[in-house]
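**Q** Just query_6.csv, nothing more (CSV, C-alpha atoms and all ligand atoms):
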chain,number,residue,atom,x,y,z
V,1,MET,CA,-12.6,-61.7,23.8
V,2,LYS,CA,-16.3,-62.5,24.0
V,3,ASN,CA,-18.6,-60.5,21.8
V,4,LEU,CA,-20.7,-58.7,24.4
V,5,LYS,CA,-22.7,-55.6,23.6
V,6,LEU,CA,-20.8,-52.4,24.2
V,7,SER,CA,-22.1,-49.5,26.2
V,8,ASN,CA,-22.0,-45.9,24.9
V,9,SER,CA,-18.7,-45.2,26.7
V,10,GLN,CA,-17.2,-48.3,25.3
V,11,GLU,CA,-18.3,-47.4,21.7
V,12,GLN,CA,-16.8,-43.9,22.3
V,13,SER,CA,-13.6,-45.6,23.4
V,14,LYS,CA,-13.5,-47.7,20.2
V,15,LYS,CA,-13.9,-44.5,18.2
V,16,TYR,CA,-11.2,-42.4,20.0
V,17,ILE,CA,-8.7,-44.8,21.5
V,18,MET,CA,-6.2,-46.9,19.6
V,19,ASN,CA,-7.2,-50.6,19.4
V,20,PHE,CA,-4.2,-51.8,21.4
V,21,ILE,CA,-5.9,-54.3,23.8
V,22,ASN,CA,-8.9,-56.6,24.0
V,23,ARG,CA,-10.7,-55.0,26.9
V,24,VAL,CA,-13.3,-56.7,29.1
V,25,PRO,CA,-16.5,-54.7,28.4
V,26,ILE,CA,-17.0,-52.9,31.7
V,27,THR,CA,-16.3,-49.3,32.3
V,28,LEU,CA,-15.1,-48.7,35.9
V,29,VAL,CA,-16.0,-45.5,37.6
V,30,LYS,CA,-15.3,-45.9,41.3
V,31,GLY,CA,-13.2,-47.9,43.7
V,32,GLU,CA,-12.8,-48.5,47.4
V,33,GLY,CA,-10.5,-51.1,49.0
V,34,VAL,CA,-10.8,-54.3,47.0
V,35,TRP,CA,-14.0,-53.3,45.3
V,36,VAL,CA,-14.8,-51.4,42.1
V,37,TRP,CA,-18.1,-50.2,40.5
V,38,ASP,CA,-19.0,-50.0,36.9
V,39,GLU,CA,-20.9,-47.2,35.2
V,40,ASN,CA,-24.2,-49.1,35.8
V,41,GLY,CA,-23.6,-49.3,39.5
V,42,LYS,CA,-22.6,-53.0,39.5
V,43,LYS,CA,-20.0,-53.9,42.2
V,44,TYR,CA,-17.1,-56.2,41.6
V,45,LEU,CA,-14.4,-57.8,43.7
V,46,ASP,CA,-11.1,-56.8,42.1
V,47,PHE,CA,-8.5,-59.5,41.9
V,48,VAL,CA,-6.7,-57.7,39.0
V,49,GLY,CA,-5.8,-54.7,41.1
V,50,GLY,CA,-4.7,-52.5,38.2
V,51,PHE,CA,-2.3,-55.3,37.0
V,52,ALA,CA,-0.8,-55.5,40.6
V,53,ALA,CA,-0.3,-51.8,41.0
V,54,ASN,CA,-3.2,-51.1,43.4
V,55,SER,CA,-1.2,-52.5,46.3
V,56,LEU,CA,-3.2,-50.7,49.0
V,57,GLY,CA,-6.5,-51.2,47.1
V,58,HIS,CA,-8.6,-48.4,45.6
V,59,CYS,CA,-8.6,-44.9,46.9
V,60,HIS,CA,-6.8,-45.7,50.2
V,61,PRO,CA,-7.0,-42.8,52.6
V,62,VAL,CA,-3.2,-42.7,53.1
V,63,ILE,CA,-2.7,-42.2,49.3
V,64,ILE,CA,-5.4,-39.6,49.1
V,65,GLN,CA,-3.9,-37.7,52.0
V,66,ALA,CA,-0.4,-37.7,50.7
V,67,MET,CA,-1.6,-36.8,47.2
V,68,THR,CA,-3.7,-33.9,48.3
V,69,GLU,CA,-1.2,-32.5,50.8
V,70,GLN,CA,1.6,-32.6,48.2
V,71,ALA,CA,-0.6,-31.3,45.4
V,72,LYS,CA,-1.3,-28.2,47.6
V,73,THR,CA,2.5,-27.8,48.2
V,74,LEU,CA,4.5,-28.6,45.1
V,75,ILE,CA,3.5,-31.0,42.3
V,76,HIS,CA,6.4,-30.9,39.9
V,77,VAL,CA,9.8,-29.5,39.6
V,78,SER,CA,12.6,-30.6,37.3
V,79,ASN,CA,15.5,-32.7,38.2
V,80,GLN,CA,17.7,-29.6,37.8
V,81,PHE,CA,16.8,-29.0,41.5
V,82,TYR,CA,16.7,-31.1,44.6
V,83,SER,CA,13.3,-31.9,46.0
V,84,LEU,CA,12.5,-33.3,49.4
V,85,PRO,CA,10.0,-36.1,48.7
V,86,GLN,CA,12.5,-37.6,46.2
V,87,ILE,CA,15.3,-37.6,48.7
V,88,LYS,CA,13.0,-39.1,51.4
V,89,LEU,CA,11.7,-41.9,49.2
V,90,ALA,CA,15.3,-42.8,48.1
V,91,GLU,CA,16.4,-42.8,51.7
V,92,MET,CA,13.6,-45.1,52.7
V,93,PHE,CA,14.3,-47.6,49.9
V,94,VAL,CA,18.0,-47.6,50.7
V,95,LYS,CA,17.4,-48.2,54.4
V,96,ASN,CA,14.9,-51.0,53.7
V,97,SER,CA,16.8,-52.9,51.0
V,98,CYS,CA,20.3,-54.2,50.3
V,99,LEU,CA,20.8,-51.4,47.7
V,100,ASP,CA,22.5,-48.0,48.0
V,101,LYS,CA,21.3,-45.6,45.4
V,102,ALA,CA,18.0,-44.8,43.6
V,103,PHE,CA,16.9,-43.3,40.3
V,104,PHE,CA,13.2,-42.6,39.7
V,105,ALA,CA,11.4,-43.0,36.4
V,106,ASN,CA,7.8,-43.1,35.2
V,107,SER,CA,7.0,-46.8,34.6
V,108,GLY,CA,8.4,-50.3,34.9
V,109,ALA,CA,9.6,-50.5,31.3
V,110,GLU,CA,11.4,-47.2,31.7
V,111,ALA,CA,13.1,-48.3,34.9
V,112,ASN,CA,14.3,-51.4,33.1
V,113,GLU,CA,15.6,-49.3,30.2
V,114,GLY,CA,17.6,-47.3,32.8
V,115,ALA,CA,18.9,-50.4,34.4
V,116,VAL,CA,20.1,-51.7,31.0
V,117,LYS,CA,21.8,-48.4,30.3
V,118,LEU,CA,23.4,-48.6,33.8
V,119,ALA,CA,24.7,-52.1,33.0
V,120,ARG,CA,26.1,-51.0,29.6
V,121,ARG,CA,27.9,-48.1,31.3
V,122,TYR,CA,29.2,-50.6,33.9
V,123,GLY,CA,30.4,-52.8,30.9
V,124,GLN,CA,32.2,-49.8,29.4
V,125,LEU,CA,33.9,-49.0,32.6
V,126,HIS,CA,34.7,-52.4,34.1
V,127,LEU,CA,34.2,-55.1,31.5
V,128,HIS,CA,36.1,-53.9,28.4
V,129,GLY,CA,33.0,-52.6,26.7
V,130,ALA,CA,30.7,-55.6,27.3
V,131,TRP,CA,27.1,-54.6,26.4
V,132,GLU,CA,25.0,-57.7,26.1
V,133,ILE,CA,22.2,-58.6,28.6
V,134,ILE,CA,21.0,-62.2,29.1
V,135,THR,CA,17.3,-62.4,29.8
V,136,THR,CA,14.9,-65.4,29.8
V,137,TYR,CA,12.1,-66.9,27.7
V,138,ASN,CA,8.6,-66.2,29.1
V,139,SER,CA,9.9,-63.1,30.9
V,140,PHE,CA,8.2,-59.8,30.8
V,141,HIS,CA,10.2,-56.6,31.0
V,142,GLY,CA,7.9,-54.0,29.4
V,143,ARG,CA,6.7,-52.6,26.0
V,144,THR,CA,9.5,-50.2,24.9
V,145,LEU,CA,11.4,-51.4,22.0
V,146,ALA,CA,14.5,-52.5,24.0
V,147,MET,CA,12.3,-54.1,26.6
V,148,VAL,CA,10.5,-56.1,23.9
V,149,ALA,CA,13.9,-57.4,22.9
V,150,ALA,CA,14.6,-58.2,26.5
V,151,THR,CA,11.2,-59.9,26.9
V,152,GLY,CA,11.7,-63.5,25.8
V,153,GLN,CA,8.3,-64.0,24.2
V,154,SER,CA,8.0,-64.0,20.4
V,155,LYS,CA,4.4,-62.8,20.4
V,156,PHE,CA,5.6,-59.4,21.7
V,157,GLN,CA,8.7,-59.3,19.5
V,158,LYS,CA,7.5,-60.4,16.0
V,159,PRO,CA,5.4,-57.3,15.2
V,160,TYR,CA,8.4,-55.1,15.8
V,161,LEU,CA,11.3,-56.7,14.1
V,162,PRO,CA,14.1,-55.8,13.8
V,163,LEU,CA,14.7,-55.3,17.5
V,164,PRO,CA,17.5,-53.4,19.2
V,165,ALA,CA,20.6,-55.6,19.5
V,166,GLY,CA,22.2,-56.6,22.8
V,167,PHE,CA,19.7,-59.1,24.4
V,168,VAL,CA,20.1,-62.8,24.5
V,169,ASN,CA,17.0,-64.8,25.5
V,170,VAL,CA,17.6,-68.1,27.2
V,171,GLU,CA,15.7,-70.8,29.1
V,172,TYR,CA,14.4,-69.8,32.6
V,173,ASN,CA,15.2,-71.9,35.6
V,174,ASN,CA,18.2,-73.4,33.8
V,175,ILE,CA,21.6,-72.1,35.0
V,176,GLN,CA,23.4,-74.0,32.2
V,177,SER,CA,21.5,-71.9,29.6
V,178,ILE,CA,22.8,-68.7,31.2
V,179,LYS,CA,26.4,-70.1,31.5
V,180,LYS,CA,26.3,-71.1,27.8
V,181,ALA,CA,25.1,-67.7,26.7
V,182,THR,CA,27.7,-65.8,28.7
V,183,THR,CA,30.6,-64.4,26.6
V,184,GLU,CA,33.1,-61.6,26.9
V,185,LYS,CA,30.3,-59.4,25.5
V,186,THR,CA,28.0,-60.0,28.5
V,187,CYS,CA,27.6,-57.2,31.1
V,188,ALA,CA,24.5,-58.4,33.0
V,189,VAL,CA,21.8,-61.0,33.6
V,190,MET,CA,18.3,-59.6,34.0
V,191,ILE,CA,15.6,-61.8,35.5
V,192,GLU,CA,12.4,-61.9,37.5
V,193,VAL,CA,12.6,-63.9,40.8
V,194,ILE,CA,9.2,-65.4,39.8
V,195,GLN,CA,8.0,-64.8,36.2
V,196,GLY,CA,4.7,-62.9,36.5
V,197,GLU,CA,3.2,-62.2,33.2
V,198,GLY,CA,4.9,-65.2,31.6
V,199,GLY,CA,2.8,-67.6,33.7
V,200,VAL,CA,3.6,-67.2,37.4
V,201,ASN,CA,6.6,-69.5,36.9
V,202,ILE,CA,8.5,-70.3,40.1
V,203,PRO,CA,12.1,-71.4,39.7
V,204,SER,CA,13.6,-74.3,41.6
V,205,GLU,CA,15.1,-73.7,45.1
V,206,ASN,CA,18.7,-73.1,43.9
V,207,TYR,CA,18.3,-71.3,40.7
V,208,MET,CA,18.6,-67.7,42.0
V,209,ARG,CA,21.6,-68.6,44.1
V,210,GLU,CA,23.2,-70.3,41.1
V,211,VAL,CA,22.6,-67.2,39.0
V,212,ARG,CA,24.0,-65.0,41.7
V,213,SER,CA,27.2,-67.1,42.0
V,214,TRP,CA,27.6,-67.2,38.2
V,215,CYS,CA,27.3,-63.4,38.0
V,216,ASP,CA,29.9,-63.1,40.8
V,217,GLU,CA,32.3,-65.5,39.1
V,218,LYS,CA,32.1,-63.6,35.8
V,219,GLY,CA,32.0,-60.1,37.4
V,220,ILE,CA,28.8,-59.3,35.6
V,221,LEU,CA,25.7,-57.6,37.1
V,222,LEU,CA,22.6,-59.3,38.3
V,223,ILE,CA,19.6,-57.1,37.6
V,224,LEU,CA,16.4,-58.3,39.3
V,225,ASP,CA,13.2,-57.0,37.6
V,226,GLU,CA,11.0,-56.8,40.7
V,227,ILE,CA,8.4,-54.7,39.0
V,228,GLN,CA,5.7,-57.3,39.7
V,229,THR,CA,7.3,-59.3,42.6
V,230,GLY,CA,8.6,-56.4,44.6
V,231,MET,CA,6.7,-54.2,47.1
V,232,GLY,CA,5.3,-57.0,49.2
V,233,ARG,CA,3.6,-59.0,46.5
V,234,LEU,CA,5.4,-62.2,47.4
V,235,GLY,CA,5.0,-61.8,51.1
V,236,THR,CA,8.4,-60.1,51.7
V,237,LEU,CA,9.1,-56.4,50.9
V,238,PHE,CA,11.2,-57.5,48.0
V,239,GLY,CA,11.3,-60.9,46.3
V,240,TYR,CA,15.0,-61.4,46.5
V,241,GLN,CA,14.7,-61.8,50.3
V,242,LEU,CA,12.9,-65.1,49.7
V,243,PHE,CA,15.9,-66.5,47.7
V,244,GLY,CA,18.8,-65.6,50.0
V,245,ILE,CA,20.5,-63.5,47.4
V,246,GLU,CA,21.2,-59.8,46.8
V,247,PRO,CA,20.9,-58.2,43.3
V,248,ASP,CA,23.4,-55.5,42.1
V,249,VAL,CA,20.5,-53.7,40.5
V,250,MET,CA,16.7,-54.0,41.1
V,251,THR,CA,13.8,-52.3,39.4
V,252,LEU,CA,10.4,-51.6,40.9
V,253,ALA,CA,7.2,-49.9,39.7
V,254,LYS,CA,3.7,-51.4,40.2
V,255,GLY,CA,3.2,-51.3,44.0
V,256,VAL,CA,5.3,-48.3,44.8
V,257,THR,CA,2.7,-45.6,44.8
V,258,GLY,CA,-0.4,-47.8,44.7
V,259,GLY,CA,-1.6,-46.7,41.3
V,260,THR,CA,0.1,-43.5,40.0
V,261,PRO,CA,3.0,-43.7,37.5
V,262,ILE,CA,6.4,-44.3,38.9
V,263,GLY,CA,9.4,-46.5,38.2
V,264,VAL,CA,12.5,-47.1,40.4
V,265,ILE,CA,16.0,-48.3,39.8
V,266,LEU,CA,17.9,-49.2,42.9
V,267,ALA,CA,21.6,-50.2,42.7
V,268,LYS,CA,24.6,-51.1,44.9
V,269,ASP,CA,27.2,-48.3,45.1
V,270,GLU,CA,29.6,-50.2,42.8
V,271,ALA,CA,26.9,-50.5,40.1
V,272,SER,CA,25.7,-46.8,40.4
V,273,VAL,CA,28.0,-45.7,37.6
V,274,PHE,CA,25.9,-42.9,36.0
V,275,VAL,CA,27.7,-39.6,35.9
V,276,PRO,CA,25.8,-36.3,35.2
V,277,GLY,CA,24.3,-36.3,31.7
V,278,ASP,CA,24.2,-40.1,31.4
V,279,HIS,CA,20.5,-40.5,32.0
V,280,GLY,CA,17.5,-38.3,32.8
V,281,THR,CA,13.8,-37.7,32.9
V,282,THR,CA,11.3,-34.8,33.1
V,283,PHE,CA,8.6,-36.3,35.3
V,284,GLY,CA,10.6,-39.1,37.0
V,285,GLY,CA,11.0,-38.6,40.8
V,286,ASN,CA,8.7,-35.5,40.9
V,287,PRO,CA,7.5,-34.4,44.3
V,288,LEU,CA,3.9,-35.6,43.8
V,289,SER,CA,4.7,-39.2,42.9
V,290,CYS,CA,7.5,-39.5,45.5
V,291,ALA,CA,5.4,-38.1,48.3
V,292,ILE,CA,2.8,-40.8,47.5
V,293,GLY,CA,5.6,-43.4,47.4
V,294,VAL,CA,6.8,-42.2,50.9
V,295,ALA,CA,3.3,-42.5,52.4
V,296,VAL,CA,2.7,-45.9,50.8
V,297,LEU,CA,6.1,-47.3,52.0
V,298,GLN,CA,5.6,-45.9,55.5
V,299,TYR,CA,2.2,-47.6,55.6
V,300,TYR,CA,3.7,-50.9,54.4
V,301,LEU,CA,6.3,-50.9,57.1
V,302,GLU,CA,3.9,-49.8,59.9
V,303,LYS,CA,1.2,-52.3,59.0
V,304,ASN,CA,3.4,-55.1,57.7
V,305,ILE,CA,1.5,-55.2,54.4
V,306,PRO,CA,4.0,-57.9,53.0
V,307,GLY,CA,3.1,-60.1,56.1
V,308,ASN,CA,-0.6,-59.7,55.1
V,309,ALA,CA,0.2,-60.7,51.6
V,310,GLU,CA,2.0,-63.8,52.8
V,311,LYS,CA,-0.8,-64.8,55.2
V,312,MET,CA,-3.7,-64.1,52.8
V,313,GLY,CA,-1.7,-65.8,49.9
V,314,GLN,CA,-1.2,-69.0,51.9
V,315,TYR,CA,-4.9,-69.0,52.8
V,316,PHE,CA,-6.0,-68.3,49.2
V,317,ARG,CA,-3.8,-71.1,47.8
V,318,THR,CA,-5.1,-73.6,50.3
V,319,GLU,CA,-8.6,-72.8,49.1
V,320,LEU,CA,-7.6,-73.0,45.5
V,321,GLU,CA,-6.0,-76.4,46.1
V,322,LYS,CA,-9.4,-77.6,47.5
V,323,MET,CA,-11.0,-76.4,44.3
V,324,LYS,CA,-8.4,-78.4,42.3
V,325,GLN,CA,-9.5,-81.5,44.1
V,326,LYS,CA,-13.1,-80.7,43.2
V,327,TYR,CA,-12.6,-79.9,39.5
V,328,GLY,CA,-10.6,-82.3,37.4
V,329,PHE,CA,-9.9,-79.7,34.7
V,330,ILE,CA,-7.7,-77.6,37.1
V,331,SER,CA,-4.2,-78.9,36.4
V,332,GLU,CA,-2.1,-76.7,38.8
V,333,ILE,CA,-2.2,-74.0,41.4
V,334,ARG,CA,1.0,-72.1,41.7
V,335,GLY,CA,2.2,-68.9,43.3
V,336,LYS,CA,3.7,-67.1,46.3
V,337,GLY,CA,2.2,-64.4,48.5
V,338,LEU,CA,-0.5,-62.7,46.5
V,339,LEU,CA,0.8,-63.6,43.0
V,340,ASN,CA,-1.1,-66.7,42.1
V,341,ALA,CA,-2.2,-68.7,39.1
V,342,MET,CA,-4.7,-71.4,38.2
V,343,ALA,CA,-3.8,-73.6,35.2
V,344,PHE,CA,-6.3,-75.7,33.4
V,345,ASN,CA,-5.8,-78.8,31.2
V,346,LYS,CA,-8.2,-77.2,28.6
V,347,ASP,CA,-8.2,-73.7,27.1
V,348,ILE,CA,-11.1,-72.5,29.3
V,349,ALA,CA,-9.5,-69.5,31.0
V,350,GLU,CA,-11.5,-67.0,29.0
V,351,ASP,CA,-14.8,-68.8,29.8
V,352,VAL,CA,-13.9,-68.8,33.5
V,353,LEU,CA,-13.0,-65.1,33.3
V,354,TYR,CA,-16.3,-64.2,31.8
V,355,GLY,CA,-18.2,-66.5,34.2
V,356,CYS,CA,-16.5,-64.6,37.1
V,357,LEU,CA,-17.2,-61.2,35.4
V,358,ALA,CA,-21.0,-62.0,35.3
V,359,LYS,CA,-20.8,-62.8,39.0
V,360,GLY,CA,-19.0,-59.6,39.9
V,361,PHE,CA,-15.4,-61.0,40.3
V,362,LEU,CA,-12.6,-59.5,38.2
V,363,ILE,CA,-9.6,-61.8,37.4
V,364,ASN,CA,-6.8,-61.8,34.8
V,365,GLN,CA,-6.1,-64.2,32.0
V,366,LEU,CA,-2.4,-64.9,31.2
V,367,ASN,CA,-3.0,-67.3,28.3
V,368,PRO,CA,-5.7,-69.6,27.0
V,369,ASN,CA,-5.3,-72.1,29.9
V,370,THR,CA,-4.1,-69.9,32.8
V,371,LEU,CA,-5.6,-67.3,35.1
V,372,ARG,CA,-3.7,-65.0,37.4
V,373,PHE,CA,-4.9,-63.5,40.7
V,374,ILE,CA,-3.2,-60.3,41.8
V,375,PRO,CA,-5.5,-58.6,44.4
V,376,PRO,CA,-4.6,-55.6,46.5
V,377,LEU,CA,-2.3,-56.6,49.3
V,378,ILE,CA,-4.6,-55.2,52.0
V,379,ILE,CA,-7.2,-57.9,51.3
V,380,ASN,CA,-8.7,-59.6,54.3
V,381,GLN,CA,-9.9,-63.2,54.9
V,382,SER,CA,-13.6,-62.6,54.3
V,383,GLU,CA,-12.8,-60.9,51.0
V,384,VAL,CA,-10.6,-63.9,50.0
V,385,ASP,CA,-13.5,-66.1,51.0
V,386,ARG,CA,-15.8,-64.1,48.8
V,387,GLY,CA,-13.4,-64.5,45.8
V,388,ILE,CA,-13.3,-68.2,46.4
V,389,GLU,CA,-17.1,-68.4,46.5
V,390,LEU,CA,-17.5,-66.5,43.3
V,391,LEU,CA,-14.8,-68.5,41.5
V,392,ASP,CA,-16.4,-71.7,42.6
V,393,GLU,CA,-19.8,-70.6,41.3
V,394,ALA,CA,-18.2,-69.6,38.0
V,395,LEU,CA,-16.3,-73.0,37.7
V,396,SER,CA,-19.4,-75.0,38.6
V,397,SER,CA,-21.5,-73.3,36.0
V,398,LEU,CA,-19.1,-74.0,33.1
V,399,SER,CA,-20.6,-76.2,30.4
V,400,ILE,CA,-17.8,-78.6,29.9
L,501,LIG,C1,8.1,-57.9,35.6
L,501,LIG,C2,7.7,-56.8,34.9
L,501,LIG,N1,8.6,-55.9,34.3
L,501,LIG,C3,8.2,-54.8,33.7
L,501,LIG,C4,6.9,-54.5,33.5
L,501,LIG,C5,6.5,-53.3,32.7
L,501,LIG,O1,6.0,-52.3,33.5
L,501,LIG,P1,5.2,-51.1,32.9
L,501,LIG,O2,3.9,-51.6,32.4
L,501,LIG,O3,5.0,-50.2,34.1
L,501,LIG,O4,6.1,-50.4,31.9
L,501,LIG,C6,5.9,-55.4,34.0
L,501,LIG,C7,4.5,-55.1,33.7
L,501,LIG,O5,3.6,-56.0,33.8
L,501,LIG,C8,6.3,-56.5,34.7
L,501,LIG,O6,5.4,-57.4,35.2
Kindly return the structure encoded in the file as structure tokens.
**A**
Amino acid sequence: MKNLKLSNSQEQSKKYIMNFINRVPITLVKGEGVWVWDENGKKYLDFVGGFAANSLGHCHPVIIQAMTEQAKTLIHVSNQFYSLPQIKLAEMFVKNSCLDKAFFANSGAEANEGAVKLARRYGQLHLHGAWEIITTYNSFHGRTLAMVAATGQSKFQKPYLPLPAGFVNVEYNNIQSIKKATTEKTCAVMIEVIQGEGGVNIPSENYMREVRSWCDEKGILLILDEIQTGMGRLGTLFGYQLFGIEPDVMTLAKGVTGGTPIGVILAKDEASVFVPGDHGTTFGGNPLSCAIGVAVLQYYLEKNIPGNAEKMGQYFRTELEKMKQKYGFISEIRGKGLLNAMAFNKDIAEDVLYGCLAKGFLINQLNPNTLRFIPPLIINQSEVDRGIELLDEALSSLSI
């Protein structure tokens, strides 16, 4: 990351917080809709959206209301007891998806860990003890040790070797690689319908259906990690709806509460094989996070937020394609809904990111030649236009 001068708060951060990420040197103090402000009062258009978690933008009134009402009523109780917001949120997910049962966790990685445990239990019960999970290269499933093993990217794996056993990484968008890797030890395939962090990689038309058929043929589970693609990001409530298939297990997190920690495992009845004691959590599914989830999902359904993501995403990509015509160094625009990427034929993503930052436009870099745009799903056309304008200004002032 660029060597810009750090403010006092950023120096304090360096002193007290572990050095786990290269941060962009701005300290955000306020947000509203698709806009955020830094500690100096500078305003930015936010196309990072809390890594796609701020689905309804910043400080949405629906979230504030659900949060304050629930905070005044009951914030946390243990899973030793029933609680109403948890039951309501589970019911809403079941009624609006192809899945039958829910488990609530605290993050995406934790939801995926739970899904893997579920698959291993399924393997013990129905597949003669099969316990291996097939995942793909360039996937991203989270930062816990097992999810690093599941994530098929060596840069995340190397620092932590040896990794937990039981994950086989194979090529994405290649059904033969999954077929070849399947053995009597395989209990599940776990994939993203579009790889998000790994580059916004969109599989070919048939891939998901082929994976579904193969899992059916072998009697193994299909786990879809929809932590990034779910909750309207691709223009449908869940990504699987775009591909004409149904998963056995699906995980969600990012957009569910619009910015407070949650993770969700949803499973078909046949795959919901946990029995008491098999899994658990202290905070997962607590009344506060579930009440926010209920309000967010209700708002999604009432206002057709996925429909807005589809419409704004189409519009955004059309404008990005125009930019590709204008700048020869843009090699590809790819995406669906409001998960979009711009790839360059040179390693200039960081320069573009900092150019945008100076102009008050926040974007995300996936690798040296790729940018990702994941704005809140409530964005409107004039805000998309503003983003395009700022990106254009940043691209035209590059010295290349
Ligand atoms: C597809 C996918 N799975 C899992 C995760 C991990 O989620 P979390 O950071 O909430 O643990 C992410 C986060 O980017 C993701 O994009």
**Q** Using all atoms listed in the file, which residues sit within 8 Å of Arg143 of chain V once same-chain residues fewer than 3 positions away are excluded, as a PyMOL selection string?
**A** chain V and resi 109+147-148
**Q** Please check which protein, DNA or RNA residues sit within 9 Å of ligand LIG 501 (chain L), counting all atoms listed in the file, and write them as a PyMOL selection string.
**A** chain V and resi 51-53+106-112+139-144+147+151+191-192+194-198+225-229+251-254+261-263
**Q** Write a file of the just-selected residues containing C-alpha atoms, as a short mmCIF file (atom, residue, chain, number, x, y, z; two decimals), keeping the file's coordinate frame.
**A**
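Below is the file result-v2.cif, written as the result:
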data_model
loop_
_atom_site.label_atom_id
_atom_site.label_comp_id
_atom_site.auth_asym_id
_atom_site.auth_seq_id
_atom_site.Cartn_x
_atom_site.Cartn_y
_atom_site.Cartn_z
CA PHE V 51 -2.30 -55.30 37.00
CA ALA V 52 -0.80 -55.50 40.60
CA ALA V 53 -0.30 -51.80 41.00
CA ASN V 106 7.80 -43.10 35.20
CA SER V 107 7.00 -46.80 34.60
CA GLY V 108 8.40 -50.30 34.90
CA ALA V 109 9.60 -50.50 31.30
CA GLU V 110 11.40 -47.20 31.70
CA ALA V 111 13.10 -48.30 34.90
CA ASN V 112 14.30 -51.40 33.10
CA SER V 139 9.90 -63.10 30.90
CA PHE V 140 8.20 -59.80 30.80
CA HIS V 141 10.20 -56.60 31.00
CA GLY V 142 7.90 -54.00 29.40
CA ARG V 143 6.70 -52.60 26.00
CA THR V 144 9.50 -50.20 24.90
CA MET V 147 12.30 -54.10 26.60
CA THR V 151 11.20 -59.90 26.90
CA ILE V 191 15.60 -61.80 35.50
CA GLU V 192 12.40 -61.90 37.50
CA ILE V 194 9.20 -65.40 39.80
CA GLN V 195 8.00 -64.80 36.20
CA GLY V 196 4.70 -62.90 36.50
CA GLU V 197 3.20 -62.20 33.20
CA GLY V 198 4.90 -65.20 31.60
CA ASP V 225 13.20 -57.00 37.60
CA GLU V 226 11.00 -56.80 40.70
CA ILE V 227 8.40 -54.70 39.00
CA GLN V 228 5.70 -57.30 39.70
CA THR V 229 7.30 -59.30 42.60
CA THR V 251 13.80 -52.30 39.40
CA LEU V 252 10.40 -51.60 40.90
CA ALA V 253 7.20 -49.90 39.70
CA LYS V 254 3.70 -51.40 40.20
CA PRO V 261 3.00 -43.70 37.50
CA ILE V 262 6.40 -44.30 38.90
CA GLY V 263 9.40 -46.50 38.20
#
**Q** Of the candidates V:Arg121, V:His60, V:Arg23, V:Lys336, which shows the shortest atom-to-atom distance to Tyr299 of chain V, using only C-alpha atoms?
**A**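 When distances to Tyr299 of chain V are compared using only C-alpha atoms, the smallest one comes from V:His60.
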**Q** Quick one: residues within 7 Å of Ile363 of chain V, all atoms listed in the file, excluding same-chain residues fewer than 3 positions away - as number ranges by chain?
**A** V: 47-48, 353, 372-373
**Q** Can I get the selection written as a PDB file, in the coordinates of the input, with C-alpha atoms?
**A**
ATOM      1  CA  PHE V  47      -8.500 -59.500  41.900  1.00  0.00           C
ATOM      2  CA  VAL V  48      -6.700 -57.700  39.000  1.00  0.00           C
ATOM      3  CA  LEU V 353     -13.000 -65.100  33.300  1.00  0.00           C
ATOM      4  CA  ARG V 372      -3.700 -65.000  37.400  1.00  0.00           C
ATOM      5  CA  PHE V 373      -4.900 -63.500  40.700  1.00  0.00           C
TER       6      PHE V 373
END
**Q** Atom CA of Arg120 of chain V to atom CA of Asp100 of chain V: how many Å, to one decimal?
**A**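 Result for atom CA of Arg120 of chain V versus atom CA of Asp100 of chain V: 19.0 Å, one decimal.
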